[in-house]
>>> print(open('coords_22.pdb').read())   # PDB, C-alpha atoms and all ligand atoms
ATOM      1  CA  MET A   1      -6.186  56.364   4.518
ATOM      2  CA  VAL A   2      -5.357  55.271   8.080
ATOM      3  CA  THR A   3      -2.780  52.481   7.714
ATOM      4  CA  MET A   4      -1.531  52.042  11.252
ATOM      5  CA  ASP A   5      -3.416  49.828  13.716
ATOM      6  CA  ASN A   6      -2.266  51.874  16.679
ATOM      7  CA  PRO A   7      -5.018  52.706  19.164
ATOM      8  CA  ALA A   8      -4.571  56.489  18.968
ATOM      9  CA  GLU A   9      -4.985  56.468  15.192
ATOM     10  CA  LEU A  10      -7.971  54.143  15.363
ATOM     11  CA  LEU A  11      -9.532  56.352  18.046
ATOM     12  CA  ALA A  12      -9.058  59.507  15.960
ATOM     13  CA  LEU A  13     -10.907  57.840  13.073
ATOM     14  CA  ALA A  14     -13.645  56.525  15.392
ATOM     15  CA  VAL A  15     -14.221  59.989  16.877
ATOM     16  CA  SER A  16     -14.507  61.752  13.522
ATOM     17  CA  VAL A  17     -16.884  59.079  12.201
ATOM     18  CA  ALA A  18     -18.971  59.127  15.408
ATOM     19  CA  ARG A  19     -19.362  62.897  15.089
ATOM     20  CA  SER A  20     -20.683  62.681  11.515
ATOM     21  CA  ALA A  21     -22.955  59.829  12.601
ATOM     22  CA  SER A  22     -24.313  61.894  15.522
ATOM     23  CA  ASP A  23     -25.024  64.821  13.202
ATOM     24  CA  LEU A  24     -27.039  62.541  10.913
ATOM     25  CA  ALA A  25     -28.943  61.074  13.885
ATOM     26  CA  ASN A  26     -29.797  64.606  15.036
ATOM     27  CA  ARG A  27     -30.931  65.739  11.588
ATOM     28  CA  MET A  28     -33.193  62.698  11.280
ATOM     29  CA  ARG A  29     -34.468  63.221  14.826
ATOM     30  CA  ALA A  30     -35.375  66.837  13.970
ATOM     31  CA  ALA A  31     -37.213  65.618  10.864
ATOM     32  CA  GLY A  32     -39.358  63.287  13.016
ATOM     33  CA  VAL A  33     -38.825  59.644  13.907
ATOM     34  CA  ASP A  34     -41.024  56.580  13.446
ATOM     35  CA  ALA A  35     -40.324  52.949  14.120
ATOM     36  CA  VAL A  36     -39.912  51.287  10.744
ATOM     37  CA  ALA A  37     -39.766  47.718  11.995
ATOM     38  CA  THR A  38     -39.492  45.537  15.066
ATOM     39  CA  LYS A  39     -36.830  42.907  15.787
ATOM     40  CA  SER A  40     -36.842  40.366  18.660
ATOM     41  CA  THR A  41     -40.188  41.502  20.117
ATOM     42  CA  ALA A  42     -42.940  44.049  19.417
ATOM     43  CA  THR A  43     -41.130  46.605  21.621
ATOM     44  CA  ASP A  44     -37.668  46.028  20.097
ATOM     45  CA  VAL A  45     -37.903  48.740  17.469
ATOM     46  CA  VAL A  46     -35.582  49.914  14.703
ATOM     47  CA  THR A  47     -35.896  53.335  13.101
ATOM     48  CA  ALA A  48     -34.767  54.551   9.684
ATOM     49  CA  ALA A  49     -32.057  56.482  11.530
ATOM     50  CA  ASP A  50     -30.561  53.326  13.105
ATOM     51  CA  ARG A  51     -30.080  51.955   9.579
ATOM     52  CA  ALA A  52     -28.957  55.207   7.921
ATOM     53  CA  VAL A  53     -26.446  55.969  10.671
ATOM     54  CA  GLU A  54     -25.023  52.446  10.480
ATOM     55  CA  GLN A  55     -24.662  52.738   6.704
ATOM     56  CA  LEU A  56     -22.901  56.091   7.035
ATOM     57  CA  VAL A  57     -20.424  54.664   9.570
ATOM     58  CA  ARG A  58     -19.763  51.612   7.376
ATOM     59  CA  ASP A  59     -19.143  53.837   4.339
ATOM     60  CA  GLU A  60     -16.823  56.152   6.263
ATOM     61  CA  LEU A  61     -14.818  53.287   7.771
ATOM     62  CA  HIS A  62     -14.598  51.591   4.392
ATOM     63  CA  LYS A  63     -13.244  54.782   2.812
ATOM     64  CA  SER A  64     -10.457  55.047   5.408
ATOM     65  CA  ARG A  65      -9.801  51.360   6.087
ATOM     66  CA  PRO A  66     -11.264  49.187   3.276
ATOM     67  CA  GLY A  67      -9.796  45.957   4.698
ATOM     68  CA  ASP A  68     -11.419  46.119   8.135
ATOM     69  CA  ALA A  69     -14.455  44.099   9.257
ATOM     70  CA  VAL A  70     -17.472  45.792  10.821
ATOM     71  CA  LEU A  71     -19.916  44.175  13.276
ATOM     72  CA  GLY A  72     -22.997  46.390  13.537
ATOM     73  CA  GLU A  73     -26.305  46.026  15.388
ATOM     74  CA  GLU A  74     -28.485  46.475  12.308
ATOM     75  CA  TYR A  75     -26.533  44.761   9.501
ATOM     76  CA  GLY A  76     -24.448  42.267  11.519
ATOM     77  CA  GLY A  77     -21.254  41.193   9.732
ATOM     78  CA  GLY A  78     -17.848  41.260  11.328
ATOM     79  CA  GLN A  79     -17.145  37.526  10.787
ATOM     80  CA  ASP A  80     -14.250  37.909   8.310
ATOM     81  CA  GLN A  81     -10.800  37.283   9.844
ATOM     82  CA  THR A  82      -9.216  40.742   9.723
ATOM     83  CA  ALA A  83      -6.651  42.312  12.045
ATOM     84  CA  VAL A  84      -8.999  45.142  12.885
ATOM     85  CA  ARG A  85     -12.733  44.774  13.496
ATOM     86  CA  TRP A  86     -15.064  47.642  14.328
ATOM     87  CA  ILE A  87     -17.989  47.056  16.731
ATOM     88  CA  LEU A  88     -20.850  49.504  16.168
ATOM     89  CA  ASP A  89     -24.141  50.448  17.770
ATOM     90  CA  PRO A  90     -25.409  53.220  15.479
ATOM     91  CA  ILE A  91     -28.005  54.437  18.002
ATOM     92  CA  ASP A  92     -27.712  52.862  21.423
ATOM     93  CA  GLY A  93     -30.874  53.761  23.313
ATOM     94  CA  THR A  94     -33.211  53.514  20.318
ATOM     95  CA  VAL A  95     -36.352  53.686  22.451
ATOM     96  CA  ASN A  96     -35.060  56.918  24.028
ATOM     97  CA  TYR A  97     -34.378  58.206  20.485
ATOM     98  CA  LEU A  98     -37.925  57.296  19.428
ATOM     99  CA  TYR A  99     -39.370  59.142  22.471
ATOM    100  CA  ASP A 100     -36.917  62.055  22.124
ATOM    101  CA  LEU A 101     -35.392  61.361  25.535
ATOM    102  CA  PRO A 102     -31.860  62.827  25.223
ATOM    103  CA  GLN A 103     -30.044  59.672  26.308
ATOM    104  CA  TYR A 104     -28.871  57.905  23.141
ATOM    105  CA  ALA A 105     -25.442  57.426  21.647
ATOM    106  CA  VAL A 106     -23.285  56.375  18.747
ATOM    107  CA  SER A 107     -21.008  53.683  20.172
ATOM    108  CA  LEU A 108     -17.961  52.606  18.123
ATOM    109  CA  ALA A 109     -15.051  50.407  19.218
ATOM    110  CA  ALA A 110     -11.954  49.150  17.399
ATOM    111  CA  GLU A 111     -10.771  45.631  18.136
ATOM    112  CA  VAL A 112      -7.274  44.482  17.135
ATOM    113  CA  ASP A 113      -6.726  40.726  17.083
ATOM    114  CA  GLY A 114      -9.825  40.225  19.231
ATOM    115  CA  VAL A 115      -8.970  42.849  21.878
ATOM    116  CA  VAL A 116     -10.839  46.169  22.089
ATOM    117  CA  VAL A 117      -8.116  48.846  21.986
ATOM    118  CA  ALA A 118     -10.047  52.044  21.274
ATOM    119  CA  GLY A 119     -13.595  53.251  21.799
ATOM    120  CA  VAL A 120     -15.848  56.303  21.600
ATOM    121  CA  VAL A 121     -19.355  56.818  22.943
ATOM    122  CA  ARG A 122     -20.999  60.050  21.796
ATOM    123  CA  ASN A 123     -24.364  61.142  23.193
ATOM    124  CA  ALA A 124     -25.840  62.504  19.956
ATOM    125  CA  ALA A 125     -28.436  64.632  21.775
ATOM    126  CA  THR A 126     -26.023  66.401  24.158
ATOM    127  CA  GLY A 127     -22.727  66.103  22.271
ATOM    128  CA  ARG A 128     -21.088  64.599  25.353
ATOM    129  CA  GLU A 129     -18.261  62.367  24.226
ATOM    130  CA  TRP A 130     -16.334  59.679  26.113
ATOM    131  CA  THR A 131     -13.192  58.115  24.690
ATOM    132  CA  ALA A 132     -10.559  55.593  25.688
ATOM    133  CA  THR A 133      -7.568  53.669  24.385
ATOM    134  CA  ARG A 134      -6.261  50.512  26.045
ATOM    135  CA  GLY A 135      -3.525  51.579  28.460
ATOM    136  CA  GLY A 136      -4.107  55.202  27.495
ATOM    137  CA  GLY A 137      -6.855  56.102  29.960
ATOM    138  CA  ALA A 138     -10.445  57.295  29.625
ATOM    139  CA  PHE A 139     -11.639  60.831  28.956
ATOM    140  CA  CYS A 140     -14.775  62.900  28.681
ATOM    141  CA  GLY A 141     -13.639  65.630  26.350
ATOM    142  CA  PRO A 142     -10.239  66.656  27.774
ATOM    143  CA  ARG A 143     -11.088  65.501  31.332
ATOM    144  CA  ARG A 144      -9.403  62.299  32.514
ATOM    145  CA  LEU A 145     -11.892  59.990  34.190
ATOM    146  CA  ARG A 146     -11.755  58.094  37.467
ATOM    147  CA  ALA A 147     -14.501  55.755  38.628
ATOM    148  CA  SER A 148     -16.297  56.238  41.949
ATOM    149  CA  THR A 149     -14.419  55.955  45.271
ATOM    150  CA  GLU A 150     -17.557  54.773  47.093
ATOM    151  CA  THR A 151     -16.794  51.688  49.219
ATOM    152  CA  ASP A 152     -20.209  51.014  50.760
ATOM    153  CA  LEU A 153     -22.684  49.157  48.478
ATOM    154  CA  GLY A 154     -25.493  50.518  50.649
ATOM    155  CA  GLN A 155     -24.532  54.008  49.481
ATOM    156  CA  ALA A 156     -24.133  53.062  45.813
ATOM    157  CA  LEU A 157     -26.212  54.541  42.989
ATOM    158  CA  VAL A 158     -26.532  51.649  40.540
ATOM    159  CA  GLY A 159     -27.567  51.712  36.879
ATOM    160  CA  THR A 160     -29.313  48.806  35.134
ATOM    161  CA  GLY A 161     -31.619  47.969  32.241
ATOM    162  CA  PHE A 162     -34.315  45.566  31.062
ATOM    163  CA  GLY A 163     -34.674  43.457  27.950
ATOM    164  CA  TYR A 164     -37.297  43.575  25.218
ATOM    165  CA  ALA A 165     -38.926  40.246  26.157
ATOM    166  CA  ALA A 166     -41.525  40.318  28.938
ATOM    167  CA  GLU A 167     -40.279  37.037  30.455
ATOM    168  CA  ARG A 168     -36.751  38.464  30.647
ATOM    169  CA  ARG A 169     -38.041  41.677  32.238
ATOM    170  CA  ARG A 170     -39.939  39.694  34.867
ATOM    171  CA  HIS A 171     -36.715  37.876  35.782
ATOM    172  CA  GLN A 172     -34.766  41.151  35.868
ATOM    173  CA  ALA A 173     -37.450  42.698  38.088
ATOM    174  CA  ARG A 174     -37.149  39.781  40.534
ATOM    175  CA  VAL A 175     -33.366  40.326  40.662
ATOM    176  CA  LEU A 176     -33.885  44.050  41.170
ATOM    177  CA  GLY A 177     -36.347  43.299  43.980
ATOM    178  CA  GLY A 178     -33.635  41.294  45.746
ATOM    179  CA  LEU A 179     -30.991  43.982  45.180
ATOM    180  CA  ILE A 180     -32.868  47.242  45.849
ATOM    181  CA  GLY A 181     -32.746  46.947  49.650
ATOM    182  CA  HIS A 182     -28.951  46.648  49.583
ATOM    183  CA  ILE A 183     -28.084  49.787  47.553
ATOM    184  CA  ARG A 184     -28.771  53.558  47.669
ATOM    185  CA  ASP A 185     -31.010  53.533  44.554
ATOM    186  CA  ILE A 186     -31.396  52.423  40.943
ATOM    187  CA  ARG A 187     -31.207  54.436  37.718
ATOM    188  CA  ARG A 188     -32.658  53.074  34.464
ATOM    189  CA  LEU A 189     -31.366  55.500  31.824
ATOM    190  CA  GLY A 190     -31.880  53.355  28.729
ATOM    191  CA  ALA A 191     -28.502  53.176  26.950
ATOM    192  CA  ALA A 192     -25.863  50.689  28.172
ATOM    193  CA  SER A 193     -22.975  52.445  26.403
ATOM    194  CA  ILE A 194     -23.736  55.703  28.243
ATOM    195  CA  ASP A 195     -24.386  53.885  31.554
ATOM    196  CA  LEU A 196     -20.889  52.360  31.351
ATOM    197  CA  CYS A 197     -19.377  55.794  30.680
ATOM    198  CA  LEU A 198     -21.259  57.216  33.671
ATOM    199  CA  VAL A 199     -19.567  54.522  35.794
ATOM    200  CA  ALA A 200     -16.239  55.670  34.314
ATOM    201  CA  GLU A 201     -16.839  59.231  35.516
ATOM    202  CA  GLY A 202     -18.379  58.248  38.859
ATOM    203  CA  THR A 203     -21.811  59.671  38.006
ATOM    204  CA  LEU A 204     -23.046  56.152  38.616
ATOM    205  CA  ASP A 205     -21.224  54.124  41.259
ATOM    206  CA  ALA A 206     -21.901  50.852  39.410
ATOM    207  CA  TYR A 207     -23.903  49.265  36.588
ATOM    208  CA  TYR A 208     -25.102  45.785  35.663
ATOM    209  CA  GLU A 209     -27.322  44.342  32.936
ATOM    210  CA  LYS A 210     -28.246  40.987  31.451
ATOM    211  CA  GLY A 211     -28.764  40.570  27.685
ATOM    212  CA  LEU A 212     -26.234  43.020  26.224
ATOM    213  CA  ASN A 213     -24.736  42.405  22.798
ATOM    214  CA  PRO A 214     -21.096  43.266  21.985
ATOM    215  CA  TRP A 215     -22.155  46.529  20.305
ATOM    216  CA  ASP A 216     -23.910  47.668  23.525
ATOM    217  CA  HIS A 217     -20.801  47.366  25.723
ATOM    218  CA  ALA A 218     -17.581  47.169  23.642
ATOM    219  CA  ALA A 219     -16.729  50.887  23.639
ATOM    220  CA  GLY A 220     -18.330  51.840  26.975
ATOM    221  CA  GLY A 221     -16.709  48.825  28.645
ATOM    222  CA  LEU A 222     -13.244  50.032  27.621
ATOM    223  CA  VAL A 223     -14.023  53.554  28.869
ATOM    224  CA  ALA A 224     -15.131  52.149  32.255
ATOM    225  CA  ALA A 225     -12.123  49.818  32.521
ATOM    226  CA  GLU A 226      -9.646  52.573  31.633
ATOM    227  CA  ALA A 227     -11.191  54.700  34.424
ATOM    228  CA  GLY A 228     -10.402  51.982  36.962
ATOM    229  CA  ALA A 229     -13.664  50.006  37.032
ATOM    230  CA  LEU A 230     -13.747  46.211  36.801
ATOM    231  CA  VAL A 231     -15.935  45.146  33.869
ATOM    232  CA  THR A 232     -16.834  41.456  34.052
ATOM    233  CA  GLY A 233     -19.541  38.826  33.800
ATOM    234  CA  LEU A 234     -20.475  36.699  36.801
ATOM    235  CA  ASP A 235     -18.589  33.806  38.344
ATOM    236  CA  GLY A 236     -15.372  34.284  36.393
ATOM    237  CA  ASN A 237     -17.051  34.841  33.033
ATOM    238  CA  PRO A 238     -16.084  37.718  30.744
ATOM    239  CA  PRO A 239     -18.634  40.500  30.151
ATOM    240  CA  GLY A 240     -21.208  39.199  27.667
ATOM    241  CA  LEU A 241     -24.806  38.286  26.891
ATOM    242  CA  ASP A 242     -25.393  36.673  30.296
ATOM    243  CA  MET A 243     -24.174  39.605  32.314
ATOM    244  CA  VAL A 244     -22.127  42.768  32.321
ATOM    245  CA  VAL A 245     -21.143  44.176  35.732
ATOM    246  CA  ALA A 246     -19.067  47.371  35.926
ATOM    247  CA  ALA A 247     -17.936  48.810  39.249
ATOM    248  CA  PRO A 248     -14.800  50.066  40.982
ATOM    249  CA  PRO A 249     -12.929  47.238  42.810
ATOM    250  CA  SER A 250     -14.343  48.276  46.225
ATOM    251  CA  LEU A 251     -17.946  47.791  45.065
ATOM    252  CA  HIS A 252     -17.451  45.105  42.424
ATOM    253  CA  GLN A 253     -17.099  42.116  44.777
ATOM    254  CA  PRO A 254     -20.140  42.803  46.992
ATOM    255  CA  LEU A 255     -22.312  43.669  43.964
ATOM    256  CA  HIS A 256     -21.041  40.630  42.043
ATOM    257  CA  ASP A 257     -21.732  38.282  44.944
ATOM    258  CA  LEU A 258     -25.259  39.623  45.458
ATOM    259  CA  LEU A 259     -26.084  39.361  41.721
ATOM    260  CA  SER A 260     -24.686  35.841  41.629
ATOM    261  CA  LYS A 261     -26.798  34.850  44.669
ATOM    262  CA  LEU A 262     -29.866  36.346  42.940
ATOM    263  CA  ASP A 263     -29.131  34.313  39.749
ATOM    264  CA  ALA A 264     -28.998  37.584  37.780
ATOM    265  CA  ALA A 265     -27.257  35.907  34.829
ATOM    266  CA  GLY A 266     -29.851  33.123  34.798
ATOM    267  CA  GLY A 267     -33.475  33.142  33.732
ATOM    268  CA  PRO A 268     -34.865  33.621  30.187
TER     269      PRO A 268
HETATM  270  C1  LIG B   1     -30.489  49.060  24.590
HETATM  271  C2  LIG B   1     -29.440  48.984  25.673
HETATM  272  C3  LIG B   1     -30.102  49.124  27.046
HETATM  273  C4  LIG B   1     -31.077  48.016  27.247
HETATM  274  C5  LIG B   1     -32.131  48.049  26.170
HETATM  275  C6  LIG B   1     -31.485  47.959  24.780
HETATM  276  P1  LIG B   1     -30.543  49.383  21.956
HETATM  277  O1  LIG B   1     -29.860  48.890  23.355
HETATM  278  O2  LIG B   1     -28.523  50.022  25.501
HETATM  279  O3  LIG B   1     -29.140  49.080  28.071
HETATM  280  O4  LIG B   1     -31.672  48.119  28.516
HETATM  281  O5  LIG B   1     -33.009  46.961  26.369
HETATM  282  O6  LIG B   1     -30.869  46.719  24.616
HETATM  283  O7  LIG B   1     -31.546  48.310  21.585
HETATM  284  O8  LIG B   1     -31.189  50.695  22.157
HETATM  285  O9  LIG B   1     -29.399  49.426  20.984
END
>>> encode(input="coords_22.pdb", output="structure tokens")
Amino acid sequence: MVTMDNPAELLALAVSVARSASDLANRMRAAGVDAVATKSTATDVVTAADRAVEQLVRDELHKSRPGDAVLGEEYGGGQDQTAVRWILDPIDGTVNYLYDLPQYAVSLAAEVDGVVVAGVVRNAATGREWTATRGGGAFCGPRRLRASTETDLGQALVGTGFGYAAERRRHQARVLGGLIGHIRDIRRLGAASIDLCLVAEGTLDAYYEKGLNPWDHAAGGLVAAEAGALVTGLDGNPPGLDMVVAAPPSLHQPLHDLLSKLDAAGGP
């Protein structure tokens, strides 16, 4: 039973639970995956593994910390007023998981009194694991992470993503059309949590996306921030459903200003 709410203890629990969750996701992947239902649109799929992995994480967290709340992508929750709340995406990158593209992750963050203080993102397919505690830095395995030192937006490799609704994608494509001539190139990898961790390690110079839920960016956002990136919304807003922008300070302002001019947080 983990009694302390200190970030290191919460992280240790998150990591052990994320590893069991990844193992289950891999076993179910090996057994074959089908979409069992759709959510917001016909392309917003959920698999049996999304649900089974979320249930496993909930059971494990409940065993160790019965009083904590859990907000998860598949079963919601997380409304009860508790000191510690866990924010979970059981399989971030579900479409990649369905297509067996090895870019999907278990993303688990611990929030204490409304502030994310610990987070782990584990790519279930590759075993790559990013972790962070607030004030304690960001790591990939034992390696301490530092975001990109690129200062020229024109040289920046930028990650982004598209929503499940066609109208939203059309808006995002218009924004991308306005941005693409001002950057090195775009990468659409399909899992926000991993994209944010790639910003943390400088594999991507920056990342932005409209339409992310807390479970998509809570853990990865802390990893990116602890590696020196600024993780914000647009126009003074915090990172959220309208927009998440993550970039080192040198790139954040020019990227932010361009996205704001392109109304990237607007549209459907
Ligand atoms: C996914 C995000 C991705 C986004 C997809 C989807 P999911 O989350 O990680 O960045 O582009 O539309 O929202 O649905 O796989 O948990």
>>> closest_atom_pairs(input="coords_22.pdb", of="chain A", to="ligand LIG 1 (chain B)", cutoff="7 Å", atoms="all atoms listed in the file", output="tab-separated table")
residue	atom	partner	partner_atom	distance
A:Asp44	CA	B:LIG1	O7	6.7
A:Asp89	CA	B:LIG1	O9	6.2
A:Ile91	CA	B:LIG1	O9	6.0
A:Asp92	CA	B:LIG1	O9	3.9
A:Gly93	CA	B:LIG1	O8	3.3
A:Thr94	CA	B:LIG1	O8	3.9
A:Val95	CA	B:LIG1	O8	6.0
A:Gly161	CA	B:LIG1	O4	3.7
A:Phe162	CA	B:LIG1	O4	4.5
A:Gly163	CA	B:LIG1	O5	4.2
A:Tyr164	CA	B:LIG1	O5	5.6
A:Gly190	CA	B:LIG1	C3	4.9
A:Ala191	CA	B:LIG1	O2	3.5
A:Ala192	CA	B:LIG1	O3	3.7
A:Ser193	CA	B:LIG1	O2	6.1
A:Leu212	CA	B:LIG1	O6	6.1
A:Asp216	CA	B:LIG1	O2	5.5
>>> atom_distance(input="coords_22.pdb", atom1="CA of Val33 (chain A)", atom2="CA of Glu74 (chain A)")
16.8 Å
>>> resolve_selection(input="coords_22.pdb", expression="the PyMOL selection byres (((chain A and resi 22-30) around 12) and not hetatm)", output="MDAnalysis selection string")
chainID A and resid 14:21 31:35 47:57 89:92 94 96:102 104:108 120:129
>>> write_last_selection(input="coords_22.pdb", atoms="C-alpha atoms", output="compact mmCIF listing (two decimals), in the coordinates of the input")
# COMPACT_ATOMS: atom_id res chain seq x y z
CA ALA A 14 -13.64 56.52 15.39
CA VAL A 15 -14.22 59.99 16.88
CA SER A 16 -14.51 61.75 13.52
CA VAL A 17 -16.88 59.08 12.20
CA ALA A 18 -18.97 59.13 15.41
CA ARG A 19 -19.36 62.90 15.09
CA SER A 20 -20.68 62.68 11.52
CA ALA A 21 -22.96 59.83 12.60
CA ALA A 31 -37.21 65.62 10.86
CA GLY A 32 -39.36 63.29 13.02
CA VAL A 33 -38.83 59.64 13.91
CA ASP A 34 -41.02 56.58 13.45
CA ALA A 35 -40.32 52.95 14.12
CA THR A 47 -35.90 53.34 13.10
CA ALA A 48 -34.77 54.55 9.68
CA ALA A 49 -32.06 56.48 11.53
CA ASP A 50 -30.56 53.33 13.10
CA ARG A 51 -30.08 51.96 9.58
CA ALA A 52 -28.96 55.21 7.92
CA VAL A 53 -26.45 55.97 10.67
CA GLU A 54 -25.02 52.45 10.48
CA GLN A 55 -24.66 52.74 6.70
CA LEU A 56 -22.90 56.09 7.04
CA VAL A 57 -20.42 54.66 9.57
CA ASP A 89 -24.14 50.45 17.77
CA PRO A 90 -25.41 53.22 15.48
CA ILE A 91 -28.00 54.44 18.00
CA ASP A 92 -27.71 52.86 21.42
CA THR A 94 -33.21 53.51 20.32
CA ASN A 96 -35.06 56.92 24.03
CA TYR A 97 -34.38 58.21 20.48
CA LEU A 98 -37.92 57.30 19.43
CA TYR A 99 -39.37 59.14 22.47
CA ASP A 100 -36.92 62.06 22.12
CA LEU A 101 -35.39 61.36 25.54
CA PRO A 102 -31.86 62.83 25.22
CA TYR A 104 -28.87 57.90 23.14
CA ALA A 105 -25.44 57.43 21.65
CA VAL A 106 -23.28 56.38 18.75
CA SER A 107 -21.01 53.68 20.17
CA LEU A 108 -17.96 52.61 18.12
CA VAL A 120 -15.85 56.30 21.60
CA VAL A 121 -19.36 56.82 22.94
CA ARG A 122 -21.00 60.05 21.80
CA ASN A 123 -24.36 61.14 23.19
CA ALA A 124 -25.84 62.50 19.96
CA ALA A 125 -28.44 64.63 21.78
CA THR A 126 -26.02 66.40 24.16
CA GLY A 127 -22.73 66.10 22.27
CA ARG A 128 -21.09 64.60 25.35
CA GLU A 129 -18.26 62.37 24.23
>>> residues_around(input="coords_22.pdb", residues="Glu167 (chain A)", least_positions_apart="4", cutoff="9 Å", atoms="all atoms listed in the file", output="PyMOL selection string")
chain A and resi 163+171-172+267-268
>>> write_last_selection(input="coords_22.pdb", atoms="C-alpha atoms", output="PDB file, in the coordinates of the input")
ATOM      1  CA  GLY A 163     -34.674  43.457  27.950  1.00  0.00           C
ATOM      2  CA  HIS A 171     -36.715  37.876  35.782  1.00  0.00           C
ATOM      3  CA  GLN A 172     -34.766  41.151  35.868  1.00  0.00           C
ATOM      4  CA  GLY A 267     -33.475  33.142  33.732  1.00  0.00           C
ATOM      5  CA  PRO A 268     -34.865  33.621  30.187  1.00  0.00           C
TER       6      PRO A 268
END
>>> axis_aligned_box(input="coords_22.pdb", around="region 121-137 of chain A", padding_each_side="8 Å", output="lines of an AutoDock Vina configuration file")
center_x = -16.0
center_y = 58.5
center_z = 25.0
size_x = 40.9
size_y = 31.9
size_z = 26.0
>>> resolve_selection(input="coords_22.pdb", expression="the PyMOL selection byres (((chain A and resi 205) around 6) and not hetatm)", output="list of chain:residue names")
A:Ser148, A:Ala156, A:Leu157, A:Val158, A:Val199, A:Gly202, A:Leu204, A:Ala206
>>> closest_residue(input="coords_22.pdb", among="A:Leu88, A:Val115, A:Ala83, A:Val175", to="Gly266 (chain A)", atoms="only C-alpha atoms")
A:Val175
>>> resolve_selection(input="coords_22.pdb", expression="the PyMOL selection byres (((chain A and resi 13) around 12) and not hetatm)", output="PDB file with C-alpha atoms, keeping the file's coordinate frame")
ATOM      1  CA  MET A   1      -6.186  56.364   4.518  1.00  0.00           C
ATOM      2  CA  VAL A   2      -5.357  55.271   8.080  1.00  0.00           C
ATOM      3  CA  THR A   3      -2.780  52.481   7.714  1.00  0.00           C
ATOM      4  CA  MET A   4      -1.531  52.042  11.252  1.00  0.00           C
ATOM      5  CA  ASP A   5      -3.416  49.828  13.716  1.00  0.00           C
ATOM      6  CA  ASN A   6      -2.266  51.874  16.679  1.00  0.00           C
ATOM      7  CA  PRO A   7      -5.018  52.706  19.164  1.00  0.00           C
ATOM      8  CA  ALA A   8      -4.571  56.489  18.968  1.00  0.00           C
ATOM      9  CA  GLU A   9      -4.985  56.468  15.192  1.00  0.00           C
ATOM     10  CA  LEU A  10      -7.971  54.143  15.363  1.00  0.00           C
ATOM     11  CA  LEU A  11      -9.532  56.352  18.046  1.00  0.00           C
ATOM     12  CA  ALA A  12      -9.058  59.507  15.960  1.00  0.00           C
ATOM     13  CA  ALA A  14     -13.645  56.525  15.392  1.00  0.00           C
ATOM     14  CA  VAL A  15     -14.221  59.989  16.877  1.00  0.00           C
ATOM     15  CA  SER A  16     -14.507  61.752  13.522  1.00  0.00           C
ATOM     16  CA  VAL A  17     -16.884  59.079  12.201  1.00  0.00           C
ATOM     17  CA  ALA A  18     -18.971  59.127  15.408  1.00  0.00           C
ATOM     18  CA  ARG A  19     -19.362  62.897  15.089  1.00  0.00           C
ATOM     19  CA  SER A  20     -20.683  62.681  11.515  1.00  0.00           C
ATOM     20  CA  VAL A  57     -20.424  54.664   9.570  1.00  0.00           C
ATOM     21  CA  GLU A  60     -16.823  56.152   6.263  1.00  0.00           C
ATOM     22  CA  LEU A  61     -14.818  53.287   7.771  1.00  0.00           C
ATOM     23  CA  HIS A  62     -14.598  51.591   4.392  1.00  0.00           C
ATOM     24  CA  LYS A  63     -13.244  54.782   2.812  1.00  0.00           C
ATOM     25  CA  SER A  64     -10.457  55.047   5.408  1.00  0.00           C
ATOM     26  CA  ARG A  65      -9.801  51.360   6.087  1.00  0.00           C
ATOM     27  CA  TRP A  86     -15.064  47.642  14.328  1.00  0.00           C
ATOM     28  CA  LEU A 108     -17.961  52.606  18.123  1.00  0.00           C
ATOM     29  CA  ALA A 109     -15.051  50.407  19.218  1.00  0.00           C
ATOM     30  CA  ALA A 110     -11.954  49.150  17.399  1.00  0.00           C
ATOM     31  CA  ALA A 118     -10.047  52.044  21.274  1.00  0.00           C
ATOM     32  CA  GLY A 119     -13.595  53.251  21.799  1.00  0.00           C
ATOM     33  CA  VAL A 120     -15.848  56.303  21.600  1.00  0.00           C
ATOM     34  CA  THR A 131     -13.192  58.115  24.690  1.00  0.00           C
TER      35      THR A 131
END
>>> atom_distance(input="coords_22.pdb", atom1="CA of Ala166 (chain A)", atom2="CA of Ala42 (chain A)")
10.3 Å
>>> closest_residue(input="coords_22.pdb", among="A:Ala224, A:Ala264, A:Val70, A:Val116", to="Ala247 (chain A)", atoms="all atoms listed in the file")
A:Ala224
>>> atom_distance(input="coords_22.pdb", atom1="CA of Gly228 (chain A)", atom2="CA of Ala265 (chain A)")
23.4 Å
>>> closest_residue(input="coords_22.pdb", among="A:Leu196, A:Gln81, A:Gln155, A:Ile180", to="Gly220 (chain A)", atoms="all atoms listed in the file")
A:Leu196
>>> residues_around(input="coords_22.pdb", residues="Pro248 (chain A)", least_positions_apart="4", cutoff="6 Å", atoms="all atoms listed in the file", output="number ranges by chain")
A: 229-230, 252
>>> write_last_selection(input="coords_22.pdb", atoms="C-alpha atoms", output="mmCIF file, keeping the file's coordinate frame")
data_model
loop_
_atom_site.group_PDB
_atom_site.id
_atom_site.type_symbol
_atom_site.label_atom_id
_atom_site.label_comp_id
_atom_site.auth_asym_id
_atom_site.auth_seq_id
_atom_site.Cartn_x
_atom_site.Cartn_y
_atom_site.Cartn_z
ATOM 1 C CA ALA A 229 -13.664 50.006 37.032
ATOM 2 C CA LEU A 230 -13.747 46.211 36.801
ATOM 3 C CA HIS A 252 -17.451 45.105 42.424
#
